[in-house]
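To keep things clear, I will list the structure first and then write my remarks on it.
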Amino acid sequence: MAQIKAPRGTQDMLPKDAHKWEEIETVLLSLAKNYGFVQIRTPVFENTQLFERGVGDTTDVVQKEMYTFEDKGGRSITLRPEGTAGAVRAAVEHGLLNDALPLKLSYLTSCYRYEKPQAGRLREFHQFGVECLGTREPIADAQLILFARRLFDCFGLDDIRLELNSIGCPECRKHYHAALREYFSAHTDTLCDTCKGRLEKNPMRILDCKSPTCREIAANAPSILDYLCEDCRTHFEKVKEYLDLNDILFTVNPRIVRGLDYYTKTVFEFVCDDIGAQGTVLGGGRYDGLVEELGGKPLPALGFAMGLERLLLLLESRGYAFVQSARPDIYFCNIGDNALKIALSFCDEFGLDGYYAGLDLMGRGLKAQMKYANKIGARFTVVIGDDDIEAGVLNIKDMQTGEVYQSDFASFVETAENLLLQSTIEESLGVENNE
Ligand code: HAM
């Protein structure tokens with residue numbers, strides 16, 4: 001039979017990489033917790049309307065990239081292309097915004113976009129995101145950006161560039177749109193077909209088009225920063241002031257408009273050059289109109305999302321030292337059925353005590369069991385044979401030093417766990433001394 005392969009643009013997370021994902025997710029979620037974010041999980045699929053209204057029907061995401069299909073009940077369903085719309089929908093639907101504000105949410109989700117796959121660009125990818133709902137204060141923008149910077153710092157990535165912009169509110173946008181229309185009208189013939197359609201409806205989207213010709217034309221388009229109203233200008237100045245006060249380096253890049261329609265005022269991206277063309281690892285900003293757009297009361301909000309595949313690519317390109325994958329603390333090599341029964345019950349005891357103990361599940365002979373224990377990097381091994389059972393004594397072998405410790409059956413678990421504790425302490429002291 002022909003082999004079936006994973007769909008284009010998807011990646012399997014293989015056991016050899018599981019510890020990397022686990023470490024990344026633990027670091028992200030625990031720092032998010034320290035900054036007051038609480039996890040939310042929303043469905044992988046939503047009603048298509050959520051993204052048409054939330055993300056915007058003139059965006060590339062909605063126009064070209066959504067996985068949309070009709071379900072068996074004739075409803076139009078879409079696999080989520082991003083996490084914000086679903087989180088806001090859930091907050092409105094469950095009345096979470098009627099409680100004390102701000103509401104601070106975090107999530108780890110898979111997202112789906114029908115894009116041309118390349119390094120760092122997948123059709124199924126994963127985002128870590130946070131949303132802070134209910135505040136219009138510039139201090140919230142600054143703290144969110146500070147938090148994003150700290151996430152990178154946690155992985156030793158303190159050189160990732162922060163690019164900042166303000167894209168104003170609907171009021172400043174009116175004037176800016178008029179200026180863009182005037183500018184792009186002179187180039188109508190050369191714009192791509194999608195952008196021709198965007199000229200009237202949402203000319204700012206042309207600035208975000210991936211077509212090389214549109215990009216070339218957009219390079220000289222007017223800058224939003226010349227069209228900000230007083231409120232948006234003051235807000236932006238305050239955000240920059242707070243970032244400066246905390247020594248957060250940034251460059252103002254008026255070309256950042258973000259690919260989703262809900263943004264207002266502050267927008268930002270963390271960008272690097274070492275992972276190819278898809279260098280934006282994290283992006284976000286304020287979206288003061290989205291809660292109301294999705295049927296809630298008018299409430300300002302802001303957030304960001306980080307692409308986990310891009311973060312992993314970046315960490316690997318920098319040779320980041322991930323904590324090694326789990327290896328057995330202790331492995332039992334058994335001769336005979338009685339020994340196997342004893343090993344089974346010991347493994348259970350170690351497991352409940354928080355240690356990873358292994359035994360032969362393959363019916364291997366003693367030599368093969370020992371070879372296997374070595375291969376999987378067991379910290380200690382214990383051979384149990386009929387003689388050992390008769391004598392009531394077990395030998396615990398330290399696989400690093402070759403030293404052997406004896407214990408009677410009654411105190412075996414305690415002895416082994418003490419040895420494990422001691423070896424963990426020695427290992428961590430060794431790491432410190434090498435630092
Ligand atoms: P976004 O910029 O579309 O924003 O995506 C955020 C991050 O997801 C990107 O910076 C990138 O790292 C990753 N990403 C996006 N598309 C792909 C892809 N095809 N393959 C791999 N990684 C990808 C949002 O999604 C907003 N919801 C962020 C946000 C939250 N804004 C406010 N709150």
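Please note that chains go A, B, ... in the order of the structure tokens, that every chain numbers its residues from 1, and that ligands are numbered from 1 in the order shown.
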So that I can check the surroundings of segment 211-228 of chain A, please list as a ChimeraX atom specification every protein, DNA and RNA residue that reaches within 10 Å of it, counting only C-alpha atoms and ignoring chain neighbours fewer than 3 positions away.
/A:165-169,171-177,179-184,187,190-192,194-195,204,206-208,231-234,236,252-257,265
Which residues are near ligand 1 - at most 9 Å, using only C-alpha atoms and all ligand atoms? Format: as a ChimeraX atom specification.
/A:9,55,61,81-85,111-132,258-260,262-263,267,269-271,278-287,301-311
When you look at segment 389-395 of chain A with a cut-off of 9 Å (counting only C-alpha atoms), what residues show up, excluding the ones that are within fewer than 6 positions of it in the same chain? I need them as JSON, numbers by chain.
{"A": [338, 339, 381, 382, 383, 404, 405, 406, 407, 408, 409, 410, 412]}
For the selection just defined, write its residues with N, CA, C and O atoms to a file, as a PDB file, in the first residue's frame.
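Contents of part_23.pdb, freshly written:
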ATOM      1  N   ASN A 338       9.952 -14.070  38.475  1.00  0.00           N
ATOM      2  CA  ASN A 338       9.856 -13.506  39.832  1.00  0.00           C
ATOM      3  C   ASN A 338      10.485 -12.126  39.875  1.00  0.00           C
ATOM      4  O   ASN A 338       9.927 -11.188  40.459  1.00  0.00           O
ATOM      5  N   ALA A 339      11.644 -12.009  39.245  1.00  0.00           N
ATOM      6  CA  ALA A 339      12.344 -10.728  39.225  1.00  0.00           C
ATOM      7  C   ALA A 339      11.506  -9.680  38.503  1.00  0.00           C
ATOM      8  O   ALA A 339      11.429  -8.523  38.924  1.00  0.00           O
ATOM      9  N   THR A 381      21.297   1.313  37.368  1.00  0.00           N
ATOM     10  CA  THR A 381      20.647   0.053  36.968  1.00  0.00           C
ATOM     11  C   THR A 381      20.703  -0.936  38.133  1.00  0.00           C
ATOM     12  O   THR A 381      21.591  -0.859  38.997  1.00  0.00           O
ATOM     13  N   VAL A 382      19.716  -1.817  38.131  1.00  0.00           N
ATOM     14  CA  VAL A 382      19.678  -2.866  39.161  1.00  0.00           C
ATOM     15  C   VAL A 382      19.404  -4.189  38.446  1.00  0.00           C
ATOM     16  O   VAL A 382      18.427  -4.289  37.690  1.00  0.00           O
ATOM     17  N   VAL A 383      20.263  -5.175  38.638  1.00  0.00           N
ATOM     18  CA  VAL A 383      19.996  -6.491  38.053  1.00  0.00           C
ATOM     19  C   VAL A 383      19.327  -7.334  39.137  1.00  0.00           C
ATOM     20  O   VAL A 383      19.836  -7.423  40.262  1.00  0.00           O
ATOM     21  N   VAL A 404      29.049   0.539  42.779  1.00  0.00           N
ATOM     22  CA  VAL A 404      27.882  -0.292  43.084  1.00  0.00           C
ATOM     23  C   VAL A 404      27.521  -0.138  44.562  1.00  0.00           C
ATOM     24  O   VAL A 404      28.396  -0.149  45.426  1.00  0.00           O
ATOM     25  N   TYR A 405      26.244   0.066  44.843  1.00  0.00           N
ATOM     26  CA  TYR A 405      25.754   0.217  46.224  1.00  0.00           C
ATOM     27  C   TYR A 405      24.835  -0.949  46.525  1.00  0.00           C
ATOM     28  O   TYR A 405      24.035  -1.336  45.670  1.00  0.00           O
ATOM     29  N   GLN A 406      24.942  -1.465  47.767  1.00  0.00           N
ATOM     30  CA  GLN A 406      24.072  -2.597  48.134  1.00  0.00           C
ATOM     31  C   GLN A 406      22.944  -2.131  49.038  1.00  0.00           C
ATOM     32  O   GLN A 406      23.114  -1.205  49.829  1.00  0.00           O
ATOM     33  N   SER A 407      21.826  -2.828  48.902  1.00  0.00           N
ATOM     34  CA  SER A 407      20.713  -2.502  49.797  1.00  0.00           C
ATOM     35  C   SER A 407      19.868  -3.761  50.006  1.00  0.00           C
ATOM     36  O   SER A 407      19.732  -4.573  49.077  1.00  0.00           O
ATOM     37  N   ASP A 408      19.270  -3.900  51.215  1.00  0.00           N
ATOM     38  CA  ASP A 408      18.320  -5.004  51.362  1.00  0.00           C
ATOM     39  C   ASP A 408      16.995  -4.564  50.739  1.00  0.00           C
ATOM     40  O   ASP A 408      16.806  -3.393  50.411  1.00  0.00           O
ATOM     41  N   PHE A 409      16.089  -5.500  50.565  1.00  0.00           N
ATOM     42  CA  PHE A 409      14.828  -5.207  49.887  1.00  0.00           C
ATOM     43  C   PHE A 409      14.026  -4.137  50.617  1.00  0.00           C
ATOM     44  O   PHE A 409      13.452  -3.247  50.007  1.00  0.00           O
ATOM     45  N   ALA A 410      13.990  -4.253  51.950  1.00  0.00           N
ATOM     46  CA  ALA A 410      13.127  -3.366  52.742  1.00  0.00           C
ATOM     47  C   ALA A 410      13.513  -1.902  52.574  1.00  0.00           C
ATOM     48  O   ALA A 410      12.641  -1.034  52.474  1.00  0.00           O
ATOM     49  N   PHE A 412      15.367  -0.707  50.051  1.00  0.00           N
ATOM     50  CA  PHE A 412      15.862  -0.475  48.690  1.00  0.00           C
ATOM     51  C   PHE A 412      15.384   0.854  48.089  1.00  0.00           C
ATOM     52  O   PHE A 412      16.177   1.659  47.587  1.00  0.00           O
TER      53      PHE A 412
END
Any chance you could list, as a PyMOL selection string, the residues in segment 96-334 of chain A that come up strand (DSSP E) when DSSP is run on the backbone?
chain A and resi 103-112+124-133+161-166+251-252+264-271+280-286+301-307+330-334
Hey, which of A:Val413, A:Gly36, A:Gln369, A:Ser317 ends up closest to Asp348 of chain A? Count only C-alpha atoms.
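Checking each candidate against Asp348 of chain A, we get A:Val413 as the closest.
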